[in-house]
$ cat start-v4.txt   # compact mmCIF, C-alpha atoms and all ligand atoms
# COMPACT_ATOMS: atom_id res chain seq x y z
CA MET A 1 93.00 -31.25 207.23
CA SER A 2 90.67 -34.21 207.44
CA ARG A 3 90.77 -36.81 204.70
CA ARG A 4 88.31 -36.68 201.83
CA GLY A 5 86.04 -39.63 201.12
CA ALA A 6 87.11 -42.39 198.74
CA PHE A 7 85.35 -42.71 195.40
CA ILE A 8 84.82 -46.38 194.51
CA VAL A 9 83.15 -47.41 191.25
CA VAL A 10 81.63 -50.85 190.69
CA GLU A 11 81.30 -51.84 187.05
CA GLY A 12 80.14 -55.07 185.51
CA LEU A 13 78.06 -56.98 183.06
CA ASP A 14 74.39 -57.69 183.49
CA ARG A 15 73.78 -60.67 185.83
CA SER A 16 77.21 -60.19 187.43
CA GLY A 17 75.62 -59.53 190.84
CA LYS A 18 76.64 -55.87 190.73
CA THR A 19 73.63 -54.54 192.65
CA THR A 20 73.93 -57.17 195.42
CA GLN A 21 77.68 -56.68 195.75
CA THR A 22 77.38 -52.89 195.75
CA ASN A 23 74.92 -53.06 198.64
CA LEU A 24 77.13 -55.54 200.54
CA LEU A 25 80.14 -53.29 199.98
CA CYS A 26 78.27 -50.30 201.42
CA GLU A 27 77.36 -52.29 204.52
CA HIS A 28 80.92 -53.52 204.91
CA LEU A 29 82.51 -50.07 204.56
CA SER A 30 80.02 -48.56 206.99
CA LYS A 31 81.09 -51.22 209.50
CA ILE A 32 84.87 -51.00 209.13
CA GLY A 33 85.31 -47.32 208.26
CA ASP A 34 85.25 -44.19 210.39
CA ARG A 35 82.86 -42.22 208.16
CA PRO A 36 79.45 -42.32 206.41
CA VAL A 37 79.10 -44.23 203.13
CA LYS A 38 76.78 -43.22 200.32
CA LEU A 39 75.65 -45.35 197.41
CA ILE A 40 74.94 -43.61 194.11
CA LYS A 41 74.02 -45.07 190.75
CA PHE A 42 74.25 -44.18 187.07
CA PRO A 43 72.09 -43.73 185.19
CA ASP A 44 70.32 -41.68 187.83
CA ARG A 45 66.83 -42.10 186.42
CA THR A 46 65.23 -39.51 188.74
CA THR A 47 66.37 -36.31 186.94
CA PRO A 48 64.76 -35.00 183.71
CA ILE A 49 67.79 -36.30 181.75
CA GLY A 50 67.58 -39.58 183.66
CA GLN A 51 63.93 -39.94 182.71
CA MET A 52 64.82 -39.59 179.02
CA ILE A 53 67.43 -42.33 179.52
CA ASP A 54 64.91 -44.52 181.34
CA ASN A 55 62.36 -44.17 178.52
CA TYR A 56 65.02 -45.10 176.01
CA LEU A 57 66.23 -48.14 177.98
CA ARG A 58 62.66 -49.39 178.35
CA SER A 59 62.13 -48.88 174.58
CA LYS A 60 59.50 -46.22 175.17
CA SER A 61 61.43 -43.81 172.96
CA GLU A 62 63.98 -44.00 170.16
CA LEU A 63 67.18 -41.95 170.13
CA ASP A 64 70.23 -41.79 167.91
CA ASP A 65 73.13 -43.74 169.48
CA HIS A 66 75.23 -40.56 169.68
CA ALA A 67 72.42 -38.67 171.39
CA ILE A 68 71.81 -41.30 174.08
CA HIS A 69 75.54 -41.54 174.72
CA LEU A 70 75.69 -37.79 175.36
CA LEU A 71 72.65 -38.01 177.65
CA PHE A 72 74.33 -40.70 179.78
CA SER A 73 77.36 -38.42 180.07
CA ALA A 74 75.22 -35.35 180.80
CA ASN A 75 73.55 -37.37 183.57
CA ARG A 76 76.99 -37.72 185.20
CA TRP A 77 77.92 -34.07 184.64
CA GLU A 78 74.72 -32.90 186.32
CA MET A 79 75.80 -34.86 189.44
CA ARG A 80 79.42 -33.69 189.38
CA SER A 81 79.16 -30.91 191.95
CA SER A 82 77.12 -32.98 194.43
CA LEU A 83 79.55 -35.89 194.01
CA LEU A 84 82.51 -33.60 194.72
CA GLN A 85 80.70 -32.15 197.70
CA LEU A 86 80.12 -35.60 199.20
CA LEU A 87 83.77 -36.55 198.75
CA ASN A 88 85.02 -33.25 200.18
CA GLU A 89 82.73 -33.67 203.18
CA GLY A 90 84.64 -36.89 203.86
CA ILE A 91 81.88 -39.28 202.78
CA THR A 92 82.87 -42.54 201.07
CA VAL A 93 81.00 -42.82 197.77
CA ILE A 94 80.22 -46.17 196.15
CA CYS A 95 79.02 -45.71 192.60
CA ASP A 96 77.11 -48.38 190.68
CA ARG A 97 78.27 -47.82 187.04
CA TYR A 98 80.11 -44.72 185.79
CA ALA A 99 81.81 -43.44 182.63
CA PHE A 100 83.30 -46.90 181.95
CA SER A 101 79.78 -48.22 181.29
CA GLY A 102 79.28 -45.29 178.96
CA VAL A 103 82.28 -46.24 176.82
CA ALA A 104 81.70 -50.01 177.09
CA PHE A 105 78.06 -49.98 176.00
CA THR A 106 78.20 -47.34 173.26
CA PHE A 107 81.40 -48.60 171.68
CA ALA A 108 80.07 -52.18 171.91
CA LYS A 109 77.04 -51.09 169.88
CA SER A 110 79.36 -49.96 167.08
CA LEU A 111 80.81 -53.50 166.92
CA VAL A 112 77.46 -55.19 166.34
CA ALA A 113 77.18 -56.15 162.67
CA SER A 114 73.53 -55.10 162.36
CA ALA A 115 74.14 -51.57 163.74
CA PRO A 116 73.25 -48.56 161.56
CA GLU A 117 76.15 -47.20 159.51
CA SER A 118 76.52 -44.03 161.60
CA THR A 119 76.79 -46.17 164.75
CA ARG A 120 79.40 -48.44 163.17
CA LYS A 121 81.51 -45.33 162.55
CA LEU A 122 81.60 -44.42 166.25
CA THR A 123 85.15 -44.45 167.56
CA TYR A 124 86.46 -45.44 170.96
CA GLU A 125 87.93 -41.94 171.38
CA TRP A 126 84.61 -40.29 170.56
CA CYS A 127 82.95 -42.43 173.24
CA ARG A 128 85.47 -41.31 175.87
CA THR A 129 85.48 -37.59 175.13
CA PRO A 130 82.22 -36.38 176.77
CA ASP A 131 83.30 -37.69 180.21
CA ALA A 132 86.78 -36.12 180.13
CA GLY A 133 87.18 -33.96 183.23
CA LEU A 134 84.71 -35.79 185.51
CA PRO A 135 86.01 -36.88 188.94
CA ALA A 136 88.10 -40.05 188.58
CA PRO A 137 87.51 -42.93 190.98
CA ASP A 138 90.17 -44.09 193.44
CA LEU A 139 89.29 -47.70 192.68
CA ILE A 140 87.28 -49.49 190.01
CA LEU A 141 85.97 -52.95 190.83
CA PHE A 142 84.95 -54.78 187.67
CA LEU A 143 82.68 -57.78 188.19
CA ASP A 144 83.48 -60.11 185.32
CA ILE A 145 81.24 -62.92 184.18
CA SER A 146 81.11 -64.88 180.91
CA ALA A 147 78.05 -64.87 178.64
CA GLU A 148 77.58 -68.58 179.44
CA VAL A 149 77.45 -68.04 183.22
CA ALA A 150 75.17 -65.03 182.76
CA LYS A 151 72.79 -67.23 180.79
CA LEU A 152 72.79 -69.88 183.53
CA ARG A 153 71.76 -67.19 186.01
CA GLY A 154 68.42 -66.82 184.27
CA GLY A 155 69.12 -64.91 181.10
CA TYR A 156 68.58 -61.23 180.61
CA GLY A 157 65.66 -58.97 181.43
CA ASP A 158 63.56 -56.80 179.17
CA GLU A 159 65.73 -53.73 178.82
CA ARG A 160 67.19 -52.69 175.50
CA TYR A 161 70.82 -53.72 176.17
CA GLU A 162 70.08 -57.10 177.78
CA LYS A 163 70.94 -59.19 174.73
CA ALA A 164 73.62 -61.87 174.54
CA GLU A 165 75.51 -60.51 171.49
CA LEU A 166 75.75 -56.97 172.81
CA GLN A 167 76.78 -58.20 176.27
CA GLN A 168 79.60 -60.22 174.71
CA ARG A 169 80.83 -57.08 172.92
CA VAL A 170 80.49 -55.03 176.10
CA ARG A 171 82.74 -57.52 177.86
CA GLU A 172 85.38 -57.15 175.12
CA VAL A 173 85.29 -53.35 175.36
CA TYR A 174 85.57 -53.48 179.16
CA LYS A 175 88.79 -55.50 178.66
CA ARG A 176 90.15 -52.76 176.41
CA ILE A 177 89.24 -50.09 178.96
CA GLN A 178 90.89 -52.18 181.66
CA ASP A 179 94.15 -52.29 179.66
CA ASP A 180 94.04 -48.52 179.11
CA MET A 181 93.38 -47.86 182.78
CA GLN A 182 96.22 -50.10 183.89
CA THR A 183 98.73 -48.38 181.63
CA SER A 184 97.59 -45.00 182.98
CA GLY A 185 98.07 -46.19 186.56
CA VAL A 186 94.41 -46.25 187.59
CA HIS A 187 93.52 -48.85 190.17
CA TRP A 188 91.24 -51.24 188.22
CA ILE A 189 90.57 -54.64 189.77
CA SER A 190 88.87 -57.37 187.79
CA ILE A 191 86.95 -59.84 189.95
CA ASN A 192 85.68 -63.23 188.85
CA ALA A 193 81.98 -62.77 189.63
CA SER A 194 80.98 -66.31 188.68
CA HIS A 195 81.89 -67.55 192.20
CA GLU A 196 79.43 -67.77 195.10
CA MET A 197 78.13 -64.45 196.40
CA GLU A 198 80.07 -64.74 199.68
CA VAL A 199 83.35 -65.53 197.90
CA VAL A 200 82.97 -62.50 195.62
CA LYS A 201 82.11 -60.36 198.64
CA GLN A 202 85.24 -61.45 200.51
CA GLU A 203 87.40 -60.69 197.49
CA ILE A 204 85.88 -57.23 197.08
CA CYS A 205 86.30 -56.50 200.80
CA SER A 206 89.98 -57.40 200.59
CA TYR A 207 90.57 -54.51 198.15
CA VAL A 208 88.80 -51.68 199.96
CA LYS A 209 90.37 -51.77 203.43
CA ASP A 210 92.84 -48.96 202.69
CA LEU A 211 90.06 -46.69 201.45
CA SER A 212 87.64 -47.12 204.36
CA ASN A 213 89.03 -44.21 206.39
CA GLY A 214 89.29 -41.75 203.53
CA VAL A 215 92.00 -40.61 201.15
CA ASN A 216 94.73 -38.00 201.51
CA GLU A 217 95.32 -37.29 197.81
CA PRO A 218 93.38 -34.76 195.70
CA ILE A 219 90.59 -36.05 193.48
CA LYS A 220 91.88 -36.74 189.97
CA SER A 221 90.00 -36.27 186.70
CA LEU A 222 89.04 -38.61 183.87
CA TRP A 223 90.76 -39.69 181.68
CA LEU A 224 94.06 -39.65 183.48
P1 LIG B 1 71.43 -50.46 185.00
O1 LIG B 1 70.78 -51.77 184.61
O2 LIG B 1 72.66 -50.62 185.86
O3 LIG B 1 70.46 -49.46 185.52
O4 LIG B 1 72.01 -49.83 183.64
N1 LIG B 1 74.60 -47.68 180.41
C1 LIG B 1 74.84 -47.18 181.64
C2 LIG B 1 75.10 -47.06 179.25
O5 LIG B 1 74.87 -47.51 178.15
N2 LIG B 1 75.86 -45.94 179.41
C3 LIG B 1 76.13 -45.40 180.63
O6 LIG B 1 76.83 -44.37 180.70
C4 LIG B 1 75.60 -46.05 181.81
C5 LIG B 1 75.88 -45.50 183.16
C6 LIG B 1 74.23 -50.09 180.97
C7 LIG B 1 71.18 -49.60 182.58
C8 LIG B 1 71.89 -49.79 181.27
O7 LIG B 1 72.50 -48.57 180.86
C9 LIG B 1 73.76 -48.86 180.26
C10 LIG B 1 72.97 -50.85 181.26
$ encode --input "start-v4.txt" --output "structure tokens" --more "lines below"
Ligand code: 2DT
Amino acid sequence: MSRRGAFIVVEGLDRSGKTTQTNLLCEHLSKIGDRPVKLIKFPDRTTPIGQMIDNYLRSKSELDDHAIHLLFSANRWEMRSSLLQLLNEGITVICDRYAFSGVAFTFAKSLVASAPESTRKLTYEWCRTPDAGLPAPDLILFLDISAEVAKLRGGYGDERYEKAELQQRVREVYKRIQDDMQTSGVHWISINASHEMEVVKQEICSYVKDLSNGVNEPIKSLWL
């Protein structure tokens, strides 16, 4: 039987160069691999759920922190069957943000001192639960950057989560997720994204070679 496509997730903080690197990675894998490569992104703002998320992120609507967390997860669940189909057709899938962003951002909100009481009571486990059972990636590339370097890159944009304190918390939660993933044997690679674009690209490319011609193992599920 032919090999299924690899599922590669790129995670990272704002200003880490995630979008640029994701595009470069797609180009690279299309060149070196023997199969098509597709780039997907979460949140997928094009669906009705995605539009609710988009309105929330652009502060056009208000939602309880639990409710928006569940919408982000629902936005992944609504893509589950098409994602599995792509992988089973042998297509390599690069995914810009996934369930790890879900946990990192929502749990980070609970650590911010000014958060509402109900948000401060959110637990790490509660944040993970809605995504349990989704397809697990074969590789997670985490683009790491400090708050100081992010600031030097021109500060944050206008969206709701682009604030220095929250981003600092998000980074801490990503580290916790990274530790959990490593103990469960998931392939999580942390990349210093404060280097030049080309240097970061080369490092990323060095980790994906084995995945460029597909994968022989079955697709696993979150959280392993
Ligand atoms: P982009 O700037 O990459 O479009 O992300 N987010 C994302 C969450 O809070 N939970 C999630 O599950 C996902 C996928 C991260 C928009 C913002 O949405 C946040 C930044």
$ residues_near_ligand --input "start-v4.txt" --ligand "ligand LIG 1 (chain B)" --cutoff "9 Å" --atoms "all atoms listed in the file" --output "number ranges by chain"
A: 11-14, 18-19, 41-45, 53-54, 57, 68-73, 75-76, 96-106, 159-162
$ residues_near_point --input "start-v4.txt" --point "(89.8, -39.0, 199.3)" --cutoff "12 Å" --atoms "only C-alpha atoms" --output "NGL selection string"
:A and (1-8 or 35 or 83-93 or 135-139 or 210-220)
$ closest_residue --input "start-v4.txt" --among "A:Leu111, A:Gln21, A:Arg15, A:Val186" --to "Val199 of chain A" --atoms "only C-alpha atoms"
A:Gln21
$ atom_distance --input "start-v4.txt" --atom1 "atom CA of Thr46 of chain A" --atom2 "atom CA of Ser59 of chain A"
17.3 Å
$ closest_residue --input "start-v4.txt" --among "A:Thr183, A:Gly157, A:Leu29, A:Ile204" --to "Arg58 of chain A" --atoms "only C-alpha atoms"
A:Gly157
$ residues_around --input "start-v4.txt" --residues "Lys163 of chain A" --least-positions-apart "5" --cutoff "12 Å" --atoms "all atoms listed in the file" --output "list in words"
Leu13, Asp14, Arg15, Phe105, Ala108, Lys109, Val112, Ala147, Ala150, Lys151, Gly155, Tyr156, Gly157, Asp158, Gln168, Arg169 and Val170 of chain A
$ axis_aligned_box --input "start-v4.txt" --around "segment 138-149 of chain A" --padding-each-side "3 Å" --output "lines of an AutoDock Vina configuration file"
center_x = 83.8
center_y = -56.3
center_z = 186.0
size_x = 18.7
size_y = 30.5
size_z = 20.8
$ closest_residue --input "start-v4.txt" --among "A:His28, A:Ser81, A:Asp64, A:Thr123" --to "Val173 of chain A" --atoms "all atoms listed in the file"
A:Thr123
$ atom_distance --input "start-v4.txt" --atom1 "atom CA of Arg120 of chain A" --atom2 "atom CA of Ser221 of chain A"
28.5 Å
$ atom_distance --input "start-v4.txt" --atom1 "atom CA of Glu78 of chain A" --atom2 "atom CA of Thr129 of chain A"
16.2 Å
$ residues_around --input "start-v4.txt" --residues "Gln202 of chain A" --least-positions-apart "2" --cutoff "12 Å" --atoms "all atoms listed in the file" --output "PDB file with C-alpha atoms, keeping the file's coordinate frame"
ATOM      1  CA  GLN A  21      77.680 -56.680 195.750  1.00  0.00           C
ATOM      2  CA  LEU A  24      77.130 -55.540 200.540  1.00  0.00           C
ATOM      3  CA  LEU A  25      80.140 -53.290 199.980  1.00  0.00           C
ATOM      4  CA  HIS A  28      80.920 -53.520 204.910  1.00  0.00           C
ATOM      5  CA  ILE A 191      86.950 -59.840 189.950  1.00  0.00           C
ATOM      6  CA  ASN A 192      85.680 -63.230 188.850  1.00  0.00           C
ATOM      7  CA  ALA A 193      81.980 -62.770 189.630  1.00  0.00           C
ATOM      8  CA  HIS A 195      81.890 -67.550 192.200  1.00  0.00           C
ATOM      9  CA  GLU A 196      79.430 -67.770 195.100  1.00  0.00           C
ATOM     10  CA  MET A 197      78.130 -64.450 196.400  1.00  0.00           C
ATOM     11  CA  GLU A 198      80.070 -64.740 199.680  1.00  0.00           C
ATOM     12  CA  VAL A 199      83.350 -65.530 197.900  1.00  0.00           C
ATOM     13  CA  VAL A 200      82.970 -62.500 195.620  1.00  0.00           C
ATOM     14  CA  ILE A 204      85.880 -57.230 197.080  1.00  0.00           C
ATOM     15  CA  CYS A 205      86.300 -56.500 200.800  1.00  0.00           C
ATOM     16  CA  SER A 206      89.980 -57.400 200.590  1.00  0.00           C
ATOM     17  CA  TYR A 207      90.570 -54.510 198.150  1.00  0.00           C
ATOM     18  CA  VAL A 208      88.800 -51.680 199.960  1.00  0.00           C
ATOM     19  CA  LYS A 209      90.370 -51.770 203.430  1.00  0.00           C
TER      20      LYS A 209
END
$ closest_residue --input "start-v4.txt" --among "A:Asp65, A:Ile140, A:Ile189, A:Asp179" --to "Ser118 of chain A" --atoms "only C-alpha atoms"
A:Asp65
$ closest_residue --input "start-v4.txt" --among "A:Ser61, A:Arg80, A:Asp34, A:Val9" --to "Ser190 of chain A" --atoms "all atoms listed in the file"
A:Val9
$ build_atoms --input "start-v4.txt" --residues "segment 24-42 of chain A" --atoms "N, CA and C atoms" --output "PDB file, in the coordinates of the input"
ATOM      1  N   LEU A  24      76.303 -54.873 199.520  1.00  0.00           N
ATOM      2  CA  LEU A  24      77.130 -55.540 200.540  1.00  0.00           C
ATOM      3  C   LEU A  24      78.377 -54.709 200.857  1.00  0.00           C
ATOM      4  N   LEU A  25      78.933 -54.107 199.803  1.00  0.00           N
ATOM      5  CA  LEU A  25      80.140 -53.290 199.980  1.00  0.00           C
ATOM      6  C   LEU A  25      79.842 -52.063 200.843  1.00  0.00           C
ATOM      7  N   CYS A  26      78.673 -51.459 200.604  1.00  0.00           N
ATOM      8  CA  CYS A  26      78.270 -50.300 201.420  1.00  0.00           C
ATOM      9  C   CYS A  26      78.190 -50.674 202.894  1.00  0.00           C
ATOM     10  N   GLU A  27      77.518 -51.793 203.135  1.00  0.00           N
ATOM     11  CA  GLU A  27      77.360 -52.290 204.520  1.00  0.00           C
ATOM     12  C   GLU A  27      78.731 -52.512 205.160  1.00  0.00           C
ATOM     13  N   HIS A  28      79.600 -53.182 204.392  1.00  0.00           N
ATOM     14  CA  HIS A  28      80.920 -53.520 204.910  1.00  0.00           C
ATOM     15  C   HIS A  28      81.726 -52.259 205.250  1.00  0.00           C
ATOM     16  N   LEU A  29      81.727 -51.289 204.320  1.00  0.00           N
ATOM     17  CA  LEU A  29      82.510 -50.070 204.560  1.00  0.00           C
ATOM     18  C   LEU A  29      81.950 -49.252 205.713  1.00  0.00           C
ATOM     19  N   SER A  30      80.620 -49.287 205.864  1.00  0.00           N
ATOM     20  CA  SER A  30      80.020 -48.560 206.990  1.00  0.00           C
ATOM     21  C   SER A  30      80.494 -49.171 208.311  1.00  0.00           C
ATOM     22  N   LYS A  31      80.675 -50.512 208.284  1.00  0.00           N
ATOM     23  CA  LYS A  31      81.090 -51.220 209.500  1.00  0.00           C
ATOM     24  C   LYS A  31      82.558 -50.958 209.829  1.00  0.00           C
ATOM     25  N   ILE A  32      83.428 -51.078 208.819  1.00  0.00           N
ATOM     26  CA  ILE A  32      84.870 -51.000 209.130  1.00  0.00           C
ATOM     27  C   ILE A  32      85.434 -49.585 209.104  1.00  0.00           C
ATOM     28  N   GLY A  33      84.752 -48.664 208.423  1.00  0.00           N
ATOM     29  CA  GLY A  33      85.310 -47.320 208.260  1.00  0.00           C
ATOM     30  C   GLY A  33      84.891 -46.369 209.374  1.00  0.00           C
ATOM     31  N   ASP A  34      85.519 -45.170 209.342  1.00  0.00           N
ATOM     32  CA  ASP A  34      85.250 -44.190 210.390  1.00  0.00           C
ATOM     33  C   ASP A  34      84.333 -43.071 209.902  1.00  0.00           C
ATOM     34  N   ARG A  35      83.629 -43.301 208.771  1.00  0.00           N
ATOM     35  CA  ARG A  35      82.860 -42.220 208.160  1.00  0.00           C
ATOM     36  C   ARG A  35      81.611 -42.761 207.446  1.00  0.00           C
ATOM     37  N   PRO A  36      80.662 -41.858 207.111  1.00  0.00           N
ATOM     38  CA  PRO A  36      79.450 -42.320 206.410  1.00  0.00           C
ATOM     39  C   PRO A  36      79.786 -42.811 204.994  1.00  0.00           C
ATOM     40  N   VAL A  37      78.924 -43.683 204.484  1.00  0.00           N
ATOM     41  CA  VAL A  37      79.100 -44.230 203.130  1.00  0.00           C
ATOM     42  C   VAL A  37      77.822 -43.949 202.354  1.00  0.00           C
ATOM     43  N   LYS A  38      77.977 -43.479 201.133  1.00  0.00           N
ATOM     44  CA  LYS A  38      76.780 -43.220 200.320  1.00  0.00           C
ATOM     45  C   LYS A  38      76.871 -43.997 199.010  1.00  0.00           C
ATOM     46  N   LEU A  39      75.733 -44.602 198.664  1.00  0.00           N
ATOM     47  CA  LEU A  39      75.650 -45.350 197.410  1.00  0.00           C
ATOM     48  C   LEU A  39      74.957 -44.477 196.362  1.00  0.00           C
ATOM     49  N   ILE A  40      75.603 -44.294 195.213  1.00  0.00           N
ATOM     50  CA  ILE A  40      74.940 -43.610 194.110  1.00  0.00           C
ATOM     51  C   ILE A  40      74.956 -44.528 192.895  1.00  0.00           C
ATOM     52  N   LYS A  41      74.152 -44.163 191.889  1.00  0.00           N
ATOM     53  CA  LYS A  41      74.020 -45.070 190.750  1.00  0.00           C
ATOM     54  C   LYS A  41      73.843 -44.283 189.466  1.00  0.00           C
ATOM     55  N   PHE A  42      74.493 -44.753 188.400  1.00  0.00           N
ATOM     56  CA  PHE A  42      74.250 -44.180 187.070  1.00  0.00           C
ATOM     57  C   PHE A  42      73.750 -45.281 186.148  1.00  0.00           C
TER      58      PHE A  42
END
